[in-house]
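Here's the structure, in structure tokens; my notes come after.
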Amino acid sequence: MKLLSIHSYPKAIMHMDADSFFASVESAKNPNLRGKPVVTGHERGIATSMSKEAKILGITRGMPVFQIKKQFPTAIIVSSDYEAYAMYSKRMFQIVRRYTDAVEEYSIDECFADLTGYRRINNMTYEEILIKIQNEIEKELNISVSLGCAPTKVLAKIGSKWGKPHGVTMIPGKLTHEYLSKVPIENIWGIGPSATSLLLSKGIKTAYDFAIIEEQKLNYFAHAPLVAIWNELNCRQVYLINSSQEFDLPKSISRTLSFINKTDKAEIFAELTRNVENVCISARRDKLAPKQITWFIKTSEFQFQSYDIKLERPTNIPTIILDIIWEKFKNIDIFNKKYRATGVTFHNLVSEDCIQNDLFGSYNSAKDKEEIFKIVDSLGEKYGRHVVMLASGITAHIDDKIIHQDGHIQTIFYNKLKKTGKELSIPYLGETV
């Protein structure tokens, strides 16, 4: 077998790929989901991510939700929480940057990093750096990642897939030929169906077959992207690390959920309450607060009633926001109409640190409620989201078959809230949790 390089790591390029990222984040947010067949994508009607346990059952990406429910009744199907995924992504990449400044955020759950020269700086081998990154992400975020290290991006991509899930694979240049001989041509990053058909027609079945083609013969039939991949397989770097590419904090946060047609005003407001709770949880997690809010309700005939609210003071406390929304909502005439969706969007997000005091006491009042929701958030992290919920939204949670797979709801009231001497009150419904 032909040796493709006489050097081990002329460059040391790492590729990191999170394992079942969306489903892993859901399990990290809610420890009760760990070890269970979790599927995300309920809001889209198809599976977008599956936990290892769901994959073992036979659930695949793109499978319709109705089909999953019918064939795999033990599966737990949840709606996607993209703000949470963005937050976990940001924290994941921050951990990688502890070991190198040259990080390219390729997608929400993938990144490349150039580790060349960082062995001495970190006082570790390249493999030790990868293991350290993997362990710290697992310890701090409770999610699993797979990593590969090789002289080029294309080879590093092969490495991260090699040991999935939770693998660390080193592909030094001297051993590249051994790995490539076991990789089908269609599994190479950047080679799509058309290129695969072309190469197979020429008897090229593996990545190694492609790598050992003579350059003159390659140039006769291959276009520029294929030539670039051929060079990368031969340990010659073509694709550089773009370390300027990274994800920013969200400019807005939104939640929209559909439900079976409803005509009862309290039930519709319950759905709206649940959306507000979810957006506020995401905002508090990222330490953000909106200066402007948009909310809507939608009829079964796709007619929208939408309202914009400019807040006097940014806040991520749902009871404060719902008090404001209620002033509009209570006057809406829903007689003889069926509603099927509500939605809430937070705009003009600012850091919690930027919220200023005022002269009229509203800041102190809000701070009291913030202390309560710190407790609510800590309980949510420990026992799962919505283990403590607002009374005005409780019917929406009872109706949510995704959360309540067994057909019942367990409502838990915590003494920790009582110790604060305060209540979470919803004056427009006259109920308290």
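Every chain in the structure tokens has a letter given in the order shown (A, B, ...), and although residue numbers restart at 1 in each chain, ligands are simply numbered from 1 in the order shown.
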
With only C-alpha atoms as the counted atoms, please give the residues lying no more than 9 Å from A:Ala102, apart from itself and same-chain residues fewer than 4 positions off, as a ChimeraX atom specification. /A:97,112-115,241-244

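For stretch 161-168 of chain A, the set of protein, DNA and RNA residues having any atom at most 6 Å away, when counting only C-alpha atoms and skipping those fewer than 2 positions along the same chain, is Asp19, Ser144, Val145, Ser146, Leu147, Gly148, Ile158 and Gly159 of chain A.
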
Looking only at alpha helix (DSSP H) from DSSP on the backbone, list the matching residues of stretch 33-257 of chain A as an mmCIF file with C-alpha atoms, in the first residue's frame.
```cif
data_model
loop_
_atom_site.group_PDB
_atom_site.id
_atom_site.type_symbol
_atom_site.label_atom_id
_atom_site.label_comp_id
_atom_site.auth_asym_id
_atom_site.auth_seq_id
_atom_site.Cartn_x
_atom_site.Cartn_y
_atom_site.Cartn_z
ATOM 1 C CA LYS A 52 -28.415 6.860 20.868
ATOM 2 C CA GLU A 53 -31.288 4.939 22.438
ATOM 3 C CA ALA A 54 -33.731 6.235 19.798
ATOM 4 C CA LYS A 55 -31.360 5.233 17.001
ATOM 5 C CA ILE A 56 -31.103 1.734 18.451
ATOM 6 C CA LEU A 57 -34.911 1.456 18.213
ATOM 7 C CA VAL A 65 -43.563 12.130 14.074
ATOM 8 C CA PHE A 66 -46.902 10.350 13.623
ATOM 9 C CA GLN A 67 -45.030 7.283 12.373
ATOM 10 C CA ILE A 68 -42.637 7.357 15.335
ATOM 11 C CA LYS A 69 -45.541 7.550 17.795
ATOM 12 C CA LYS A 70 -47.213 4.592 16.129
ATOM 13 C CA GLN A 71 -44.169 2.338 15.720
ATOM 14 C CA TYR A 82 -32.930 26.432 19.185
ATOM 15 C CA GLU A 83 -31.951 29.127 21.668
ATOM 16 C CA ALA A 84 -30.695 26.443 24.040
ATOM 17 C CA TYR A 85 -28.812 24.740 21.193
ATOM 18 C CA ALA A 86 -27.120 28.042 20.284
ATOM 19 C CA MET A 87 -26.141 28.596 23.909
ATOM 20 C CA TYR A 88 -24.673 25.101 24.293
ATOM 21 C CA SER A 89 -22.881 25.544 20.970
ATOM 22 C CA LYS A 90 -21.289 28.780 22.139
ATOM 23 C CA ARG A 91 -20.125 27.214 25.409
ATOM 24 C CA MET A 92 -18.809 24.156 23.570
ATOM 25 C CA PHE A 93 -16.662 26.298 21.269
ATOM 26 C CA GLN A 94 -15.463 28.376 24.221
ATOM 27 C CA ILE A 95 -13.997 25.208 25.727
ATOM 28 C CA VAL A 96 -12.113 24.479 22.479
ATOM 29 C CA TYR A 118 -0.055 24.317 20.549
ATOM 30 C CA ARG A 119 1.530 21.174 21.988
ATOM 31 C CA ARG A 120 4.255 23.209 23.640
ATOM 32 C CA ILE A 121 1.901 25.987 24.747
ATOM 33 C CA ASN A 122 -0.461 23.479 26.396
ATOM 34 C CA TYR A 126 -2.253 16.554 20.284
ATOM 35 C CA GLU A 127 -4.147 13.488 21.455
ATOM 36 C CA GLU A 128 -4.081 14.701 25.074
ATOM 37 C CA ILE A 129 -5.522 18.051 23.949
ATOM 38 C CA LEU A 130 -8.423 16.286 22.191
ATOM 39 C CA ILE A 131 -9.140 14.074 25.197
ATOM 40 C CA LYS A 132 -9.029 17.109 27.488
ATOM 41 C CA ILE A 133 -11.522 18.989 25.312
ATOM 42 C CA GLN A 134 -13.827 15.978 25.158
ATOM 43 C CA ASN A 135 -13.734 15.436 28.929
ATOM 44 C CA GLU A 136 -14.335 19.095 29.784
ATOM 45 C CA ILE A 137 -17.339 19.349 27.439
ATOM 46 C CA GLU A 138 -18.823 16.214 28.949
ATOM 47 C CA LYS A 139 -18.192 17.373 32.520
ATOM 48 C CA GLU A 140 -19.391 20.960 32.097
ATOM 49 C CA LEU A 141 -22.198 20.543 29.548
ATOM 50 C CA LYS A 153 -9.693 19.308 7.261
ATOM 51 C CA VAL A 154 -10.927 16.476 5.037
ATOM 52 C CA LEU A 155 -8.856 13.920 6.953
ATOM 53 C CA ALA A 156 -9.907 15.386 10.316
ATOM 54 C CA LYS A 157 -13.555 14.980 9.258
ATOM 55 C CA ILE A 158 -12.885 11.315 8.548
ATOM 56 C CA GLY A 159 -11.331 11.036 12.012
ATOM 57 C CA SER A 160 -14.288 12.534 13.889
ATOM 58 C CA LYS A 161 -16.658 10.074 12.177
ATOM 59 C CA TRP A 162 -14.340 7.122 12.720
ATOM 60 C CA THR A 176 -3.346 7.994 6.363
ATOM 61 C CA HIS A 177 -3.356 5.198 3.777
ATOM 62 C CA GLU A 178 -4.528 2.646 6.390
ATOM 63 C CA TYR A 179 -7.599 4.704 7.275
ATOM 64 C CA LEU A 180 -8.489 5.766 3.720
ATOM 65 C CA PRO A 193 -23.879 11.878 -5.313
ATOM 66 C CA SER A 194 -22.793 13.173 -8.743
ATOM 67 C CA ALA A 195 -19.083 13.011 -7.939
ATOM 68 C CA THR A 196 -19.565 9.595 -6.338
ATOM 69 C CA SER A 197 -21.183 8.253 -9.515
ATOM 70 C CA LEU A 198 -18.347 9.685 -11.611
ATOM 71 C CA LEU A 199 -15.630 8.136 -9.456
ATOM 72 C CA LEU A 200 -17.372 4.768 -9.139
ATOM 73 C CA SER A 201 -17.658 4.638 -12.932
ATOM 74 C CA ALA A 207 -10.864 7.181 -0.370
ATOM 75 C CA TYR A 208 -7.494 5.457 -0.820
ATOM 76 C CA ASP A 209 -8.315 4.575 -4.443
ATOM 77 C CA PHE A 210 -8.986 8.263 -5.040
ATOM 78 C CA ALA A 211 -5.893 9.486 -3.183
ATOM 79 C CA GLU A 215 -2.393 13.980 -10.732
ATOM 80 C CA GLN A 216 -2.224 14.129 -14.532
ATOM 81 C CA LYS A 217 -4.984 11.548 -14.852
ATOM 82 C CA LEU A 218 -7.059 13.334 -12.185
ATOM 83 C CA ASN A 219 -6.868 16.684 -13.991
ATOM 84 C CA TYR A 220 -8.228 15.009 -17.114
ATOM 85 C CA PHE A 221 -11.666 14.334 -15.608
ATOM 86 C CA ALA A 224 -11.384 22.009 -9.096
ATOM 87 C CA PRO A 225 -13.272 20.971 -5.897
ATOM 88 C CA LEU A 226 -12.392 17.303 -6.483
ATOM 89 C CA VAL A 227 -8.742 18.231 -7.027
ATOM 90 C CA ALA A 228 -8.789 20.146 -3.722
ATOM 91 C CA ILE A 229 -10.172 17.107 -1.884
ATOM 92 C CA TRP A 230 -7.547 14.881 -3.569
ATOM 93 C CA ASN A 231 -4.801 17.172 -2.246
ATOM 94 C CA GLU A 232 -6.295 17.139 1.252
ATOM 95 C CA LEU A 233 -6.392 13.326 1.231
#
```

Between atom CA of A:Val279 and atom CA of A:Arg255 - distance in Å to one decimal: 6.3 Å

I'd like a table as a Markdown table: residues in stretch 228-283 of chain A with an atom no more than 8 Å from stretch 385-397 of chain A, each row giving the shortest atom pair and its distance in Å to one decimal, only C-alpha atoms counted, sorted by chain and rising residue number.
```
| residue | atom | partner | partner_atom | distance |
| --- | --- | --- | --- | --- |
| A:Ala266 | CA | A:Ser392 | CA | 7.7 |
| A:Glu267 | CA | A:Thr395 | CA | 6.5 |
| A:Phe269 | CA | A:Gly393 | CA | 7.3 |
| A:Ala270 | CA | A:Gly393 | CA | 3.9 |
| A:Glu271 | CA | A:Ala396 | CA | 5.3 |
| A:Leu272 | CA | A:Gly393 | CA | 7.6 |
| A:Thr273 | CA | A:Gly393 | CA | 5.1 |
| A:Arg274 | CA | A:Gly393 | CA | 5.5 |
```

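Closest approach to A:Gln305 among A:Thr342, A:Asn30, A:Asn234, A:Ser107: A:Thr342, based on only C-alpha atoms.
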
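Pairwise distance (atom CA of A:Ser79, atom CA of A:Leu257) equals 8.8 Å.
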